[in-house]
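Participant: What follows is a single structure, and I will ask about it in a moment.
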Amino acid sequence: MNRLLRNLSIHAAVITALVCFVALILVIAGMAVVADRNSQSNLTTLSNISDAQLNEINRADSLLNQAMLAMETASNYLMVGQTQQSNAQVAIAGDRIARAEERFERFAAVSVAPRKSVRGRFNC
C-alpha cells in the first residue's frame, strides 16, 4: 500500500480525492431523495387520516350541540305547558344524538396504519 501511495503523483491523489467526494455527495443526495419521498408519503397518509377523523368528530360534536339546544328548548316548552312542542324538540334531539353516534362510529372506524409499518418507513 505504501509503495502505491509513493508512486502516485499529487495530481492523481487530488483527482482521486475529488472523485471520492463527488461519490459521497451523490450517495448523500440519493439518500435525501429517498427520505423526502418517504416523508411525503407518510405526511400524506397522516393528513388523510387526520382529515377523515377531524371531519367526523367535528360533525358529531356539532350534532351533540344541536341536540343539547333541542333538549333545552324542550325543557323550556315543558315549563310553560306546551307538551306537544316539547315532544317535537325531544324527537329532534333524539335524531341528532343518533346521527352523532353514527358519526362517532365512523370516526372510530377510520383505519390507521399499524405502528410497526409506519415506524419501519421512518427507519427508526
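How things are named: the first chain in the C-alpha cells is A, the next is B, and so on; residues count from 1 in each chain; ligands count from 1 in the order shown.
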So that I can check the surroundings of Ala70 in chain A, please list as a list in words every protein, DNA and RNA residue that reaches within 12 Å of it, counting only C-alpha atoms and ignoring chain neighbours fewer than 4 positions away.

Facilitator: Leu63, Leu64, Asn65, Gln66, Ala74, Ser75, Asn76, Tyr77, Gln85, Ser86, Asn87, Ala88, Gln89, Val90, Ala91, Ile92, Ala93, Gly94, Asp95, Arg96 and Ile97 of chain A

Participant: Compare A:Glu72, A:Glu101, A:Ala12, A:Ala108 by their minimum atom-to-atom distance to Leu54 in chain A, counting only C-alpha atoms, and give me the closest one.

Facilitator: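 Counting only C-alpha atoms, the residue closest to Leu54 in chain A is A:Ala108.
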
Participant: May I ask for the distance between CA of Ile25 in chain A and CA of Gln40 in chain A, given in Å to one decimal place?

Facilitator: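 Pair CA of Ile25 in chain A / CA of Gln40 in chain A returns 22.3 Å.
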
Participant: List as a list of chain:residue names the protein and nucleic acid residues near Gln53 in chain A, meaning an atom at most 9 Å away when only C-alpha atoms are counted, but skip any in the same chain fewer than 2 places from it.

Facilitator: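 The neighbour list is A:Asn48, A:Ile49, A:Ser50, A:Asp51, A:Asn55, A:Glu56, A:Ile57, A:Asn58, A:Arg106, A:Phe107, A:Ala108, A:Ala109, A:Val110.
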
Participant: Could you dump the residues just selected with N, CA and C atoms as a PDB file, in the first residue's frame?

Facilitator:
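Saved to part-v1.pdb:
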```pdb
ATOM      1  N   ASN A  48     -54.412  12.442   5.463  1.00  0.00           N
ATOM      2  CA  ASN A  48     -55.694  11.833   5.099  1.00  0.00           C
ATOM      3  C   ASN A  48     -56.413  11.268   6.320  1.00  0.00           C
ATOM      4  N   ILE A  49     -55.675  10.607   7.190  1.00  0.00           N
ATOM      5  CA  ILE A  49     -56.271  10.063   8.411  1.00  0.00           C
ATOM      6  C   ILE A  49     -56.790  11.198   9.286  1.00  0.00           C
ATOM      7  N   SER A  50     -55.986  12.220   9.444  1.00  0.00           N
ATOM      8  CA  SER A  50     -56.369  13.355  10.280  1.00  0.00           C
ATOM      9  C   SER A  50     -57.604  14.047   9.735  1.00  0.00           C
ATOM     10  N   ASP A  51     -57.627  14.282   8.414  1.00  0.00           N
ATOM     11  CA  ASP A  51     -58.786  14.945   7.808  1.00  0.00           C
ATOM     12  C   ASP A  51     -60.055  14.140   8.012  1.00  0.00           C
ATOM     13  N   ASN A  55     -63.057  15.513  10.455  1.00  0.00           N
ATOM     14  CA  ASN A  55     -64.346  15.781   9.835  1.00  0.00           C
ATOM     15  C   ASN A  55     -65.456  15.080  10.607  1.00  0.00           C
ATOM     16  N   GLU A  56     -65.270  13.811  10.882  1.00  0.00           N
ATOM     17  CA  GLU A  56     -66.315  13.048  11.568  1.00  0.00           C
ATOM     18  C   GLU A  56     -66.524  13.525  13.009  1.00  0.00           C
ATOM     19  N   ILE A  57     -65.441  13.769  13.738  1.00  0.00           N
ATOM     20  CA  ILE A  57     -65.598  14.144  15.149  1.00  0.00           C
ATOM     21  C   ILE A  57     -66.183  15.554  15.274  1.00  0.00           C
ATOM     22  N   ASN A  58     -65.816  16.456  14.358  1.00  0.00           N
ATOM     23  CA  ASN A  58     -66.389  17.805  14.402  1.00  0.00           C
ATOM     24  C   ASN A  58     -67.877  17.789  14.087  1.00  0.00           C
ATOM     25  N   ARG A 106     -68.078   6.282  12.798  1.00  0.00           N
ATOM     26  CA  ARG A 106     -67.245   6.476  11.602  1.00  0.00           C
ATOM     27  C   ARG A 106     -65.873   7.013  11.981  1.00  0.00           C
ATOM     28  N   PHE A 107     -65.838   7.897  12.984  1.00  0.00           N
ATOM     29  CA  PHE A 107     -64.560   8.419  13.479  1.00  0.00           C
ATOM     30  C   PHE A 107     -63.690   7.291  13.996  1.00  0.00           C
ATOM     31  N   ALA A 108     -64.292   6.396  14.773  1.00  0.00           N
ATOM     32  CA  ALA A 108     -63.540   5.288  15.345  1.00  0.00           C
ATOM     33  C   ALA A 108     -63.142   4.261  14.288  1.00  0.00           C
ATOM     34  N   ALA A 109     -63.886   4.217  13.166  1.00  0.00           N
ATOM     35  CA  ALA A 109     -63.621   3.221  12.132  1.00  0.00           C
ATOM     36  C   ALA A 109     -62.546   3.651  11.130  1.00  0.00           C
ATOM     37  N   VAL A 110     -62.092   4.888  11.199  1.00  0.00           N
ATOM     38  CA  VAL A 110     -61.059   5.333  10.253  1.00  0.00           C
ATOM     39  C   VAL A 110     -59.824   4.484  10.473  1.00  0.00           C
TER      40      VAL A 110
END
```
